[in-house]
Amino acid sequence: QPNVTQATKEQVLDALRQVIDPDLHQDIVTLGFVTRCDVDGSKADVVINLTTPACPVKDQLRDEARKFVSAVPGIEEVELEMTAEVRSKDGPTHKLAEHIKHIIAVSSGKGGVGKSTVSVNLACALAATGARVGLLDCDIYGPDIPMMMGLKGQPDHGGSADRPSLVPKERYGVKTMSVGYLLPDDKPAVWRGPMVHKLIEQFLSDVEWGELDYLLVDMPPGTGDAQLSLAQLVPLTGAIIVTTPQAVATFDVGKAITMFNQVNTEILGIVENMSGLMVEGMVEGAQEGSQVRLTLGSKEEVCSVDSEGRFRTVAEMFGAGGAQMLAGKNGFPVLGRVPLDPAVRVGGDGGDPIVVADPNSPIAQSFHKAAGKAAQRIAVRSFASLPVLD
């Protein structure tokens, strides 16, 4: 007797109601993520549209959906497609940035913490997921983005005679604009506050960004005119704070947190850069599982070698827990902890960010994770402001 059970669309939708989004705490059908659900005989055709291509739980949701739909009696084949559409921040869009869904400031309390490195790698990590990403270098006193992205020279001009514009320089799927493209290499930028405000306004209004999901803005260090100008000019989705583990860096970050609170900008999270030293090596002829003892300062690190005699560890040279303590105190998450690795500097100096140059390295993975977490936070915030219909 052949199996004549016919599955229905309603049964498949009921199966998909078992898939719960871990951030929004509702099922994907109620949330409106299921944009197609067709049943043709024993085949189910489902499309799930997530709130960001950088969703860290994308694979988990896909696997659960496939499992539950496959369990519906009569379904023998499941065609499952995952798509993503970044939702805009709620509230009025601003004429300066009407085609940009989210503007995120990347800021630090002090210089020298690797803020530009974090900006570039987060931008490249988001672009690698398929998101439309821009990177605006507002660090007018030390514009490092051109060098780190391997770009130089004047940007092309576009627009019309009465409304000229600049075309962003693009690499690795990221559209970039920087004052570094406009100034000679050896000429210092001497800017007063009103000039900074005007420059940021022009970079938002007179650059052909096109449609963007995320525009990351690399801010000058500290808490000065540029931060206030950006917060006044456009509705920021939020800020990402970059720090290092040392106490002085976390103390300076406290001032940056206070400033963003004063201008009503939510802090999406903190990235702890240079959180330890990446140490890798090889012991010739060592047996798998043999232990290597490394003495770094007053600390001793013990790690095991693999089948090729290689070992890898992150040595906590600068103390740990500073970012976690700050995040806990202020109610936002640690988006990522990125160890110190000479490969990051080499990639930055050569214009090949580590997430592009060595995407499978632990450092690149920590940037990808941080980008995913930030995108997830933005998606949750945007979704919270939309009416959810049952």
# chains A, B, ... in the order shown; residues from 1 in each chain; ligands from 1

call {"tool": "select_by_dssp", "arguments": {"residues": "region 22-215 of chain A", "states": "helix (DSSP H, G or I)", "output": "VMD selection string"}}
result
chain A and resid 58 to 70 95 to 97 115 to 128 145 to 149 179 to 181 193 to 205

call {"tool": "write_last_selection", "arguments": {"atoms": "C-alpha atoms", "output": "short mmCIF file (atom, residue, chain, number, x, y, z; two decimals), in the first residue's frame"}}
result
data_model
loop_
_atom_site.label_atom_id
_atom_site.label_comp_id
_atom_site.auth_asym_id
_atom_site.auth_seq_id
_atom_site.Cartn_x
_atom_site.Cartn_y
_atom_site.Cartn_z
CA LYS A 58 21.37 31.71 10.47
CA ASP A 59 22.67 28.13 10.23
CA GLN A 60 20.87 27.11 13.43
CA LEU A 61 17.52 28.48 12.17
CA ARG A 62 18.00 26.83 8.75
CA ASP A 63 18.85 23.44 10.27
CA GLU A 64 15.88 23.58 12.66
CA ALA A 65 13.49 24.60 9.87
CA ARG A 66 14.71 21.73 7.68
CA LYS A 67 14.39 19.24 10.54
CA PHE A 68 10.83 20.25 11.50
CA VAL A 69 9.52 20.47 7.91
CA SER A 70 11.13 17.12 7.00
CA LYS A 95 17.61 63.88 4.21
CA LEU A 96 21.40 63.61 4.60
CA ALA A 97 21.32 59.83 4.68
CA LYS A 115 39.97 51.70 16.31
CA SER A 116 40.58 52.02 12.55
CA THR A 117 41.73 48.38 12.37
CA VAL A 118 38.48 47.33 14.04
CA SER A 119 36.39 49.60 11.74
CA VAL A 120 37.99 48.21 8.58
CA ASN A 121 37.72 44.57 9.60
CA LEU A 122 34.12 44.89 10.83
CA ALA A 123 33.17 46.59 7.54
CA CYS A 124 34.86 43.85 5.47
CA ALA A 125 33.30 41.12 7.64
CA LEU A 126 29.80 42.58 7.16
CA ALA A 127 30.36 42.98 3.41
CA ALA A 128 31.50 39.34 3.17
CA ILE A 145 41.36 53.99 6.23
CA PRO A 146 42.86 54.58 2.72
CA MET A 147 46.11 52.80 3.65
CA MET A 148 44.32 49.96 5.47
CA MET A 149 41.95 49.39 2.52
CA VAL A 179 39.63 63.04 4.00
CA GLY A 180 42.85 61.14 3.29
CA TYR A 181 41.81 60.92 -0.39
CA GLY A 193 35.17 72.65 15.14
CA PRO A 194 32.83 74.29 12.56
CA MET A 195 35.03 72.95 9.73
CA VAL A 196 34.77 69.43 11.14
CA HIS A 197 30.97 69.76 11.29
CA LYS A 198 30.83 70.99 7.68
CA LEU A 199 33.12 68.21 6.44
CA ILE A 200 31.03 65.46 8.07
CA GLU A 201 27.87 67.03 6.65
CA GLN A 202 29.39 67.05 3.16
CA PHE A 203 30.60 63.46 3.47
CA LEU A 204 27.02 62.42 4.26
CA SER A 205 25.23 64.61 1.70
#

call {"tool": "closest_residue", "arguments": {"among": "A:Glu211, A:Asp27, A:Glu10, A:Glu81", "to": "Ile100 (chain A)", "atoms": "only C-alpha atoms"}}
result
A:Glu211

call {"tool": "residues_around", "arguments": {"residues": "Gly159 (chain A)", "least_positions_apart": "5", "cutoff": "9 Å", "atoms": "only C-alpha atoms", "output": "NGL selection string"}}
result
:A and (164-167 or 206 or 208)

call {"tool": "write_last_selection", "arguments": {"atoms": "C-alpha atoms", "output": "PDB file, in the first residue's frame"}}
result
ATOM      1  CA  PRO A 164      28.543  67.927  -7.808  1.00  0.00           C
ATOM      2  CA  SER A 165      29.294  64.844  -5.732  1.00  0.00           C
ATOM      3  CA  LEU A 166      32.105  62.429  -4.901  1.00  0.00           C
ATOM      4  CA  VAL A 167      32.074  58.744  -5.802  1.00  0.00           C
ATOM      5  CA  ASP A 206      27.659  64.957  -1.230  1.00  0.00           C
ATOM      6  CA  GLU A 208      27.146  58.911  -3.766  1.00  0.00           C
TER       7      GLU A 208
END

call {"tool": "residues_around", "arguments": {"residues": "region 278-287 of chain A", "least_positions_apart": "4", "cutoff": "8 Å", "atoms": "only C-alpha atoms", "output": "NGL selection string"}}
result
:A and (305-315 or 339-341)

call {"tool": "select_by_dssp", "arguments": {"residues": "region 169-386 of chain A", "states": "strand (DSSP E or B)", "output": "number ranges by chain"}}
result
A: 169-171, 174-178, 207, 212-218, 238-243, 267-282, 291-296, 299-304, 310-315, 334-340

call {"tool": "residues_around", "arguments": {"residues": "region 362-365 of chain A", "least_positions_apart": "2", "cutoff": "9 Å", "atoms": "only C-alpha atoms", "output": "list of chain:residue names"}}
result
A:Asn121, A:Ala125, A:Met278, A:Val338, A:Pro339, A:Leu340, A:Asp341, A:Val344, A:Pro353, A:Ile354, A:Val355, A:Val356, A:Ala357, A:Asp358, A:Pro359, A:Asn360, A:Phe367, A:His368, A:Lys369, A:Ala370

call {"tool": "write_last_selection", "arguments": {"atoms": "C-alpha atoms", "output": "PDB file, in the first residue's frame"}}
result
ATOM      1  CA  ASN A 121      37.716  44.566   9.603  1.00  0.00           C
ATOM      2  CA  ALA A 125      33.302  41.116   7.641  1.00  0.00           C
ATOM      3  CA  MET A 278      48.598  35.453  19.718  1.00  0.00           C
ATOM      4  CA  VAL A 338      40.562  40.397  19.421  1.00  0.00           C
ATOM      5  CA  PRO A 339      44.080  39.202  20.292  1.00  0.00           C
ATOM      6  CA  LEU A 340      47.218  41.029  19.171  1.00  0.00           C
ATOM      7  CA  ASP A 341      48.786  39.425  16.112  1.00  0.00           C
ATOM      8  CA  VAL A 344      46.913  42.261  11.572  1.00  0.00           C
ATOM      9  CA  PRO A 353      42.581  43.572   6.156  1.00  0.00           C
ATOM     10  CA  ILE A 354      43.013  40.292   8.032  1.00  0.00           C
ATOM     11  CA  VAL A 355      39.395  39.177   7.443  1.00  0.00           C
ATOM     12  CA  VAL A 356      40.177  39.284   3.703  1.00  0.00           C
ATOM     13  CA  ALA A 357      43.840  38.195   3.777  1.00  0.00           C
ATOM     14  CA  ASP A 358      43.365  35.215   6.140  1.00  0.00           C
ATOM     15  CA  PRO A 359      39.605  34.692   6.657  1.00  0.00           C
ATOM     16  CA  ASN A 360      39.999  31.404   8.550  1.00  0.00           C
ATOM     17  CA  PHE A 367      36.115  39.990  13.825  1.00  0.00           C
ATOM     18  CA  HIS A 368      33.424  37.983  11.996  1.00  0.00           C
ATOM     19  CA  LYS A 369      31.842  37.078  15.344  1.00  0.00           C
ATOM     20  CA  ALA A 370      31.931  40.696  16.515  1.00  0.00           C
TER      21      ALA A 370
END

call {"tool": "closest_residue", "arguments": {"among": "A:Leu326, A:Leu294, A:Val380, A:Leu183", "to": "Leu31 (chain A)", "atoms": "only C-alpha atoms"}}
result
A:Val380

call {"tool": "atom_distance", "arguments": {"atom1": "CA of Val34 (chain A)", "atom2": "CA of Gly130 (chain A)"}}
result
19.7 Å

call {"tool": "closest_residue", "arguments": {"among": "A:Asp40, A:Glu301, A:Glu272, A:Asp218", "to": "Thr243 (chain A)", "atoms": "only C-alpha atoms"}}
result
A:Glu272

call {"tool": "residues_around", "arguments": {"residues": "Asp45 (chain A)", "least_positions_apart": "5", "cutoff": "7 Å", "atoms": "only C-alpha atoms", "output": "VMD selection string"}}
result
chain A and resid 37 to 39 78 to 80

call {"tool": "atom_distance", "arguments": {"atom1": "CA of Gln11 (chain A)", "atom2": "CA of Glu85 (chain A)"}}
result
26.1 Å

call {"tool": "residues_around", "arguments": {"residues": "Gln262 (chain A)", "least_positions_apart": "3", "cutoff": "12 Å", "atoms": "only C-alpha atoms", "output": "JSON, numbers by chain"}}
result
{"A": [223, 227, 228, 231, 232, 255, 256, 257, 258, 259, 265, 266, 267]}

call {"tool": "write_last_selection", "arguments": {"atoms": "all heavy atoms", "output": "CSV table (one decimal), in the first residue's frame"}}
result
chain,number,residue,atom,x,y,z
A,223,THR,N,36.5,62.5,22.7
A,223,THR,CA,35.1,63.0,22.8
A,223,THR,C,35.0,64.4,22.3
A,223,THR,O,34.6,65.3,23.1
A,223,THR,CB,34.6,62.8,24.2
A,223,THR,OG1,35.5,63.5,25.1
A,223,THR,CG2,34.5,61.4,24.7
A,227,GLN,N,32.3,63.8,17.1
A,227,GLN,CA,31.3,62.9,17.7
A,227,GLN,C,30.0,63.7,17.8
A,227,GLN,O,28.9,63.2,17.5
A,227,GLN,CB,31.7,62.4,19.1
A,227,GLN,CG,32.6,61.2,19.0
A,227,GLN,CD,34.1,61.7,18.9
A,227,GLN,OE1,34.4,62.8,18.5
A,227,GLN,NE2,35.0,60.8,19.1
A,228,LEU,N,30.1,64.9,18.3
A,228,LEU,CA,28.9,65.7,18.6
A,228,LEU,C,28.2,66.1,17.2
A,228,LEU,O,27.0,66.1,17.1
A,228,LEU,CB,29.2,67.0,19.4
A,228,LEU,CG,29.8,66.7,20.8
A,228,LEU,CD1,30.3,68.0,21.4
A,228,LEU,CD2,28.7,66.1,21.7
A,231,ALA,N,26.3,63.1,15.8
A,231,ALA,CA,25.1,62.8,16.5
A,231,ALA,C,24.0,63.9,16.2
A,231,ALA,O,22.8,63.6,16.2
A,231,ALA,CB,25.4,62.8,18.0
A,232,GLN,N,24.5,65.1,15.9
A,232,GLN,CA,23.5,66.2,15.6
A,232,GLN,C,23.0,66.1,14.2
A,232,GLN,O,21.9,66.4,13.9
A,232,GLN,CB,24.2,67.6,15.8
A,232,GLN,CG,24.4,68.0,17.2
A,232,GLN,CD,25.4,69.2,17.3
A,232,GLN,OE1,25.8,69.7,16.3
A,232,GLN,NE2,25.7,69.6,18.5
A,255,LYS,N,34.5,57.9,29.6
A,255,LYS,CA,34.2,59.3,29.2
A,255,LYS,C,33.4,59.2,27.8
A,255,LYS,O,32.5,60.0,27.6
A,255,LYS,CB,35.4,60.1,29.0
A,255,LYS,CG,36.1,60.4,30.3
A,255,LYS,CD,37.3,61.4,30.2
A,255,LYS,CE,38.5,60.7,29.7
A,255,LYS,NZ,39.7,61.6,29.7
A,256,ALA,N,33.8,58.3,26.9
A,256,ALA,CA,33.2,58.1,25.7
A,256,ALA,C,31.7,57.6,25.9
A,256,ALA,O,30.8,58.1,25.2
A,256,ALA,CB,33.9,57.2,24.8
A,257,ILE,N,31.5,56.7,26.8
A,257,ILE,CA,30.2,56.2,27.1
A,257,ILE,C,29.3,57.3,27.6
A,257,ILE,O,28.2,57.5,27.1
A,257,ILE,CB,30.3,55.1,28.2
A,257,ILE,CG1,31.0,53.8,27.6
A,257,ILE,CG2,28.9,54.7,28.7
A,257,ILE,CD1,31.4,52.8,28.6
A,258,THR,N,29.8,58.1,28.5
A,258,THR,CA,29.0,59.3,29.0
A,258,THR,C,28.6,60.2,27.9
A,258,THR,O,27.5,60.7,27.9
A,258,THR,CB,29.9,60.0,30.1
A,258,THR,OG1,30.3,59.1,31.1
A,258,THR,CG2,29.1,61.2,30.7
A,259,MET,N,29.6,60.5,27.0
A,259,MET,CA,29.3,61.4,25.9
A,259,MET,C,28.2,60.9,25.0
A,259,MET,O,27.2,61.6,24.6
A,259,MET,CB,30.5,61.6,25.1
A,259,MET,CG,30.3,62.7,24.0
A,259,MET,SD,31.1,62.4,22.5
A,259,MET,CE,30.7,60.8,22.0
A,265,THR,N,22.7,58.4,22.1
A,265,THR,CA,23.1,57.4,21.2
A,265,THR,C,23.3,56.1,21.9
A,265,THR,O,24.1,56.1,22.9
A,265,THR,CB,24.4,57.8,20.4
A,265,THR,OG1,24.1,59.0,19.7
A,265,THR,CG2,24.9,56.7,19.5
A,266,GLU,N,22.7,55.1,21.5
A,266,GLU,CA,22.8,53.8,22.2
A,266,GLU,C,24.2,53.1,21.9
A,266,GLU,O,24.6,53.2,20.8
A,266,GLU,CB,21.7,52.8,21.7
A,266,GLU,CG,21.8,51.5,22.5
A,266,GLU,CD,20.7,50.5,22.0
A,266,GLU,OE1,19.9,50.9,21.1
A,266,GLU,OE2,20.6,49.5,22.6
A,267,ILE,N,24.8,52.5,22.9
A,267,ILE,CA,26.0,51.8,22.7
A,267,ILE,C,25.7,50.3,22.4
A,267,ILE,O,25.0,49.7,23.2
A,267,ILE,CB,27.0,52.0,23.9
A,267,ILE,CG1,27.4,53.4,23.9
A,267,ILE,CG2,28.2,51.0,23.7
A,267,ILE,CD1,28.0,53.9,25.1
